[in-house]
Amino acid sequence: MKTPKRIQPLVDDGLVDEVKSQLMSGKEASVYVVRCGDKIRCAKVYKDASQRSFKQAVAYREGRKVRNSRRARAMEKGSGFGREQQEKVWQSAEVDALYKLAVAGVRVPEPYGCFDGVLLMELVTDDEGYVAPRLNDVLMSEEQALEDHQTMIGYIVKMLCAGLIHGDLSEFNVLVDEYGPVIIDLPQAVDAAANNNAEWMLARDINNMRDYYTQFAPSLASTEYAKEMWALFEKGELTADTELTGEFTQQDTVADIAAIMQEIDAAREEELARRERINEAQQGVDESKFNWAD
């Protein structure tokens, strides 16, 4: 097939010898099957921010650290340079996560590097050499569903212990080869300790897996791995080898309504004071313009 424009520089540099076919086109990237020497790999071409339909990207980026202070300030201001740097961080997040999770013992495609918005990585195949199917396209027995679900829970635990949450995990982001599940699509991976949305994103990932496997193994419907896992993580008691039960008992506590209302009132007063400071500063700017005009 004709070489896509974004992959042509990799061909020119000898990183890719041939683009064989397009594998898929998604909300954040297009994936192609490519030949690199005598190896068949895949090339993930990230779409520009203006073309991506990935929702709530800001919520996923929260807590991501940028070492270069100039880049961090530009990203906060949203300048042209800042948006360009934000794109680079978004694109590099997946390859960073792939390396980190492979070390942690999570099955993910092996990455070979990210070059100008194109991620070269392993093409996951089945036992006959064809592209491995997504979990959504796989039928299985109850026994297999229970086994694979347990495997996925183990991977999620290892991810969390490595400080990451997938953030968009579902049956569409898992491939199945002859050895079992392989987790893919990680550009939105969340920093578990620094993102305020971490708990509910983890719960959504886990519950998506539970709900999918439940259609083959109904006994999984009543499991509470998300709550159990997060409770242990918050207490610092979760390890990669922790054996979870899938059971969780909510500890009932009496809310201190007075204390909560005090916090709300304090936050309201702080916001009012902040707005007054902004108004005063704006008035000062306007007055200086007026004086300059005189």
# chains A, B, ... in the order shown; residues from 1 in each chain; ligands from 1
>>> closest_atom_pairs(of="region 87-147 of chain A", to="region 1-22 of chain A", cutoff="10 Å", atoms="only C-alpha atoms", output="JSON lines")
{"residue": "A:Phe115", "atom": "CA", "partner": "A:Leu10", "partner_atom": "CA", "distance": 7.7}
{"residue": "A:Asp116", "atom": "CA", "partner": "A:Arg6", "partner_atom": "CA", "distance": 8.2}
{"residue": "A:Gly117", "atom": "CA", "partner": "A:Arg6", "partner_atom": "CA", "distance": 8.0}
{"residue": "A:Val118", "atom": "CA", "partner": "A:Ile7", "partner_atom": "CA", "distance": 7.1}
{"residue": "A:Leu119", "atom": "CA", "partner": "A:Ile7", "partner_atom": "CA", "distance": 9.9}
{"residue": "A:Leu120", "atom": "CA", "partner": "A:Leu15", "partner_atom": "CA", "distance": 9.0}
>>> closest_atom_pairs(of="region 139-253 of chain A", to="region 92-98 of chain A", cutoff="12 Å", atoms="only C-alpha atoms", output="CSV")
residue,atom,partner,partner_atom,distance
A:Met159,CA,A:Ala97,CA,9.4
A:Leu160,CA,A:Ala97,CA,11.8
A:Ala162,CA,A:Ala97,CA,9.6
A:Gly163,CA,A:Ala97,CA,10.0
A:Leu164,CA,A:Ala97,CA,7.9
A:Ile165,CA,A:Ala97,CA,9.8
A:His166,CA,A:Ala97,CA,9.2
A:Val182,CA,A:Leu98,CA,11.4
A:Ile183,CA,A:Leu98,CA,9.5
A:Ile184,CA,A:Leu98,CA,8.7
A:Asp185,CA,A:Glu94,CA,7.4
A:Leu186,CA,A:Glu94,CA,4.9
A:Pro187,CA,A:Glu94,CA,4.2
A:Gln188,CA,A:Ala93,CA,7.3
A:Ala189,CA,A:Ala97,CA,7.2
A:Val190,CA,A:Ala93,CA,9.5
A:Asp191,CA,A:Ala97,CA,10.3
>>> closest_atom_pairs(of="region 124-206 of chain A", to="region 241-246 of chain A", cutoff="10 Å", atoms="only C-alpha atoms", output="CSV")
residue,atom,partner,partner_atom,distance
A:Gln150,CA,A:Leu244,CA,9.6
A:Ile153,CA,A:Leu244,CA,8.8
A:Gly154,CA,A:Asp241,CA,8.3
A:Val157,CA,A:Thr242,CA,8.1
A:Lys158,CA,A:Asp241,CA,8.2
A:Cys161,CA,A:Asp241,CA,9.8
>>> atom_distance(atom1="CA of Tyr213 (chain A)", atom2="CA of Val33 (chain A)")
29.2 Å
>>> residues_around(residues="Asn207 (chain A)", least_positions_apart="3", cutoff="10 Å", atoms="only C-alpha atoms", output="number ranges by chain")
A: 169-170, 201-204, 210-213, 221, 223-226
>>> write_last_selection(atoms="C-alpha atoms", output="PDB file, in the first residue's frame")
ATOM      1  CA  LEU A 169      -9.274  -0.451  29.911  1.00  0.00           C
ATOM      2  CA  SER A 170     -12.010  -2.506  28.290  1.00  0.00           C
ATOM      3  CA  MET A 201     -10.629   5.422  36.747  1.00  0.00           C
ATOM      4  CA  LEU A 202      -9.205   2.310  38.411  1.00  0.00           C
ATOM      5  CA  ALA A 203     -12.706   1.219  39.410  1.00  0.00           C
ATOM      6  CA  ARG A 204     -13.965   1.697  35.866  1.00  0.00           C
ATOM      7  CA  ARG A 210     -15.568  -7.853  35.495  1.00  0.00           C
ATOM      8  CA  ASP A 211     -18.622  -7.032  33.393  1.00  0.00           C
ATOM      9  CA  TYR A 212     -17.101  -8.510  30.237  1.00  0.00           C
ATOM     10  CA  TYR A 213     -15.971 -11.800  31.769  1.00  0.00           C
ATOM     11  CA  ALA A 221     -20.777 -10.371  38.902  1.00  0.00           C
ATOM     12  CA  THR A 223     -16.940  -9.415  43.016  1.00  0.00           C
ATOM     13  CA  GLU A 224     -15.580  -6.124  44.421  1.00  0.00           C
ATOM     14  CA  TYR A 225     -11.954  -6.168  43.321  1.00  0.00           C
ATOM     15  CA  ALA A 226     -11.906  -2.415  42.649  1.00  0.00           C
TER      16      ALA A 226
END
>>> closest_residue(among="A:Asp38, A:Asp205, A:Asp168, A:Glu269", to="Met152 (chain A)", atoms="only C-alpha atoms")
A:Asp205
>>> residues_around(residues="Lys47 (chain A)", least_positions_apart="5", cutoff="9 Å", atoms="only C-alpha atoms", output="list of chain:residue names")
A:Lys27, A:Glu28, A:Ala29, A:Ser30, A:Arg52, A:Gly117
>>> write_last_selection(atoms="N, CA and C atoms", output="PDB file, in the first residue's frame")
ATOM      1  N   LYS A  27      -9.849   6.414  17.780  1.00  0.00           N
ATOM      2  CA  LYS A  27     -10.122   7.777  18.213  1.00  0.00           C
ATOM      3  C   LYS A  27      -8.863   8.598  18.431  1.00  0.00           C
ATOM      4  N   GLU A  28      -7.734   7.927  18.641  1.00  0.00           N
ATOM      5  CA  GLU A  28      -6.517   8.658  18.939  1.00  0.00           C
ATOM      6  C   GLU A  28      -5.376   8.366  17.978  1.00  0.00           C
ATOM      7  N   ALA A  29      -5.474   7.290  17.199  1.00  0.00           N
ATOM      8  CA  ALA A  29      -4.375   6.915  16.321  1.00  0.00           C
ATOM      9  C   ALA A  29      -4.832   5.945  15.240  1.00  0.00           C
ATOM     10  N   SER A  30      -3.985   5.816  14.220  1.00  0.00           N
ATOM     11  CA  SER A  30      -4.150   4.787  13.194  1.00  0.00           C
ATOM     12  C   SER A  30      -2.975   3.835  13.320  1.00  0.00           C
ATOM     13  N   ARG A  52      -8.182  14.278  17.255  1.00  0.00           N
ATOM     14  CA  ARG A  52      -8.505  13.242  18.239  1.00  0.00           C
ATOM     15  C   ARG A  52      -9.892  13.477  18.817  1.00  0.00           C
ATOM     16  N   GLY A 117       5.943  11.170  16.626  1.00  0.00           N
ATOM     17  CA  GLY A 117       4.530  10.827  16.694  1.00  0.00           C
ATOM     18  C   GLY A 117       4.173   9.486  16.101  1.00  0.00           C
TER      19      GLY A 117
END
>>> atom_distance(atom1="CA of Ile206 (chain A)", atom2="CA of Asp127 (chain A)")
27.7 Å
>>> atom_distance(atom1="CA of Gln250 (chain A)", atom2="CA of Lys227 (chain A)")
8.8 Å
>>> closest_residue(among="A:Glu171, A:Asp177, A:Glu271, A:Glu110", to="Glu128 (chain A)", atoms="only C-alpha atoms")
A:Asp177
>>> select_by_dssp(residues="region 59-237 of chain A", states="alpha helix (DSSP H)", output="PyMOL selection string")
chain A and resi 59-61+69-77+80-104+142-161+198-214+225-234
>>> select_by_dssp(residues="region 72-277 of chain A", states="strand (DSSP E or B)", output="ChimeraX atom specification")
/A:111-115,118-122,125,131,134,164-165,174-177,180-183,190-191
>>> decode(residues="region 118-219 of chain A", atoms="C-alpha atoms", output="mmCIF file, in the first residue's frame")
data_model
loop_
_atom_site.group_PDB
_atom_site.id
_atom_site.type_symbol
_atom_site.label_atom_id
_atom_site.label_comp_id
_atom_site.auth_asym_id
_atom_site.auth_seq_id
_atom_site.Cartn_x
_atom_site.Cartn_y
_atom_site.Cartn_z
ATOM 1 C CA VAL A 118 4.910 7.275 15.324
ATOM 2 C CA LEU A 119 5.288 4.433 17.835
ATOM 3 C CA LEU A 120 6.992 1.301 16.521
ATOM 4 C CA MET A 121 6.142 -1.798 18.540
ATOM 5 C CA GLU A 122 5.598 -5.523 18.507
ATOM 6 C CA LEU A 123 2.744 -6.905 16.434
ATOM 7 C CA VAL A 124 0.874 -9.306 18.730
ATOM 8 C CA THR A 125 -0.155 -12.426 16.785
ATOM 9 C CA ASP A 126 -2.000 -15.679 17.405
ATOM 10 C CA ASP A 127 -0.487 -19.160 17.176
ATOM 11 C CA GLU A 128 -0.919 -19.144 13.374
ATOM 12 C CA GLY A 129 0.864 -15.831 12.883
ATOM 13 C CA TYR A 130 -2.240 -13.735 12.243
ATOM 14 C CA VAL A 131 -2.962 -10.526 14.124
ATOM 15 C CA ALA A 132 -4.266 -11.480 17.569
ATOM 16 C CA PRO A 133 -7.979 -10.818 18.090
ATOM 17 C CA ARG A 134 -9.356 -8.333 20.589
ATOM 18 C CA LEU A 135 -10.909 -9.736 23.724
ATOM 19 C CA ASN A 136 -14.268 -8.508 22.445
ATOM 20 C CA ASP A 137 -14.062 -10.996 19.569
ATOM 21 C CA VAL A 138 -13.159 -14.025 21.671
ATOM 22 C CA LEU A 139 -15.532 -16.712 22.954
ATOM 23 C CA MET A 140 -14.446 -18.792 25.943
ATOM 24 C CA SER A 141 -15.557 -21.332 28.489
ATOM 25 C CA GLU A 142 -16.427 -20.428 32.065
ATOM 26 C CA GLU A 143 -13.184 -21.967 33.259
ATOM 27 C CA GLN A 144 -11.149 -19.925 30.768
ATOM 28 C CA ALA A 145 -13.021 -16.743 31.676
ATOM 29 C CA LEU A 146 -12.268 -17.205 35.376
ATOM 30 C CA GLU A 147 -8.603 -17.866 34.622
ATOM 31 C CA ASP A 148 -8.182 -14.902 32.265
ATOM 32 C CA HIS A 149 -10.088 -12.564 34.590
ATOM 33 C CA GLN A 150 -7.736 -13.510 37.412
ATOM 34 C CA THR A 151 -4.798 -12.845 35.089
ATOM 35 C CA MET A 152 -6.157 -9.392 34.262
ATOM 36 C CA ILE A 153 -6.696 -8.561 37.930
ATOM 37 C CA GLY A 154 -3.085 -9.574 38.546
ATOM 38 C CA TYR A 155 -1.912 -7.265 35.762
ATOM 39 C CA ILE A 156 -3.952 -4.360 37.128
ATOM 40 C CA VAL A 157 -2.417 -4.909 40.568
ATOM 41 C CA LYS A 158 1.079 -4.867 39.067
ATOM 42 C CA MET A 159 0.233 -1.714 37.123
ATOM 43 C CA LEU A 160 -1.013 0.003 40.249
ATOM 44 C CA CYS A 161 2.074 -1.046 42.203
ATOM 45 C CA ALA A 162 4.146 0.454 39.372
ATOM 46 C CA GLY A 163 2.235 3.711 39.876
ATOM 47 C CA LEU A 164 0.017 3.497 36.790
ATOM 48 C CA ILE A 165 -3.656 3.051 35.957
ATOM 49 C CA HIS A 166 -4.646 2.251 32.365
ATOM 50 C CA GLY A 167 -7.562 4.679 32.453
ATOM 51 C CA ASP A 168 -9.400 3.313 29.417
ATOM 52 C CA LEU A 169 -9.274 -0.451 29.911
ATOM 53 C CA SER A 170 -12.010 -2.506 28.290
ATOM 54 C CA GLU A 171 -12.473 -5.583 26.110
ATOM 55 C CA PHE A 172 -11.469 -3.381 23.152
ATOM 56 C CA ASN A 173 -8.024 -2.611 24.621
ATOM 57 C CA VAL A 174 -6.973 -6.195 25.303
ATOM 58 C CA LEU A 175 -5.615 -8.629 22.727
ATOM 59 C CA VAL A 176 -5.606 -12.394 23.226
ATOM 60 C CA ASP A 177 -2.790 -14.553 21.882
ATOM 61 C CA GLU A 178 -1.940 -18.197 22.591
ATOM 62 C CA TYR A 179 -0.551 -17.262 26.023
ATOM 63 C CA GLY A 180 -3.505 -15.143 27.162
ATOM 64 C CA PRO A 181 -4.410 -11.440 27.479
ATOM 65 C CA VAL A 182 -2.126 -8.611 26.316
ATOM 66 C CA ILE A 183 -2.938 -5.035 27.362
ATOM 67 C CA ILE A 184 -2.688 -2.332 24.668
ATOM 68 C CA ASP A 185 -3.453 1.395 24.152
ATOM 69 C CA LEU A 186 -1.775 3.290 26.987
ATOM 70 C CA PRO A 187 -1.293 6.958 25.925
ATOM 71 C CA GLN A 188 -3.794 8.050 28.572
ATOM 72 C CA ALA A 189 -2.154 6.046 31.402
ATOM 73 C CA VAL A 190 -2.806 7.798 34.735
ATOM 74 C CA ASP A 191 -0.376 8.556 37.559
ATOM 75 C CA ALA A 192 -2.038 6.673 40.414
ATOM 76 C CA ALA A 193 -0.583 8.835 43.186
ATOM 77 C CA ALA A 194 -0.892 12.287 41.583
ATOM 78 C CA ASN A 195 -4.208 12.225 39.727
ATOM 79 C CA ASN A 196 -7.377 13.135 41.625
ATOM 80 C CA ASN A 197 -9.407 10.932 39.263
ATOM 81 C CA ALA A 198 -7.286 7.834 39.903
ATOM 82 C CA GLU A 199 -9.734 5.958 42.129
ATOM 83 C CA TRP A 200 -12.745 6.086 39.843
ATOM 84 C CA MET A 201 -10.629 5.422 36.747
ATOM 85 C CA LEU A 202 -9.205 2.310 38.411
ATOM 86 C CA ALA A 203 -12.706 1.219 39.410
ATOM 87 C CA ARG A 204 -13.965 1.697 35.866
ATOM 88 C CA ASP A 205 -11.084 -0.354 34.426
ATOM 89 C CA ILE A 206 -11.649 -3.213 36.869
ATOM 90 C CA ASN A 207 -15.424 -3.176 36.559
ATOM 91 C CA ASN A 208 -15.208 -3.144 32.739
ATOM 92 C CA MET A 209 -13.174 -6.338 32.952
ATOM 93 C CA ARG A 210 -15.568 -7.853 35.495
ATOM 94 C CA ASP A 211 -18.622 -7.032 33.393
ATOM 95 C CA TYR A 212 -17.101 -8.510 30.237
ATOM 96 C CA TYR A 213 -15.971 -11.800 31.769
ATOM 97 C CA THR A 214 -19.248 -12.113 33.688
ATOM 98 C CA GLN A 215 -21.077 -13.063 30.489
ATOM 99 C CA PHE A 216 -19.006 -16.282 30.473
ATOM 100 C CA ALA A 217 -18.593 -16.678 34.248
ATOM 101 C CA PRO A 218 -21.673 -15.280 36.063
ATOM 102 C CA SER A 219 -20.098 -15.782 39.500
#
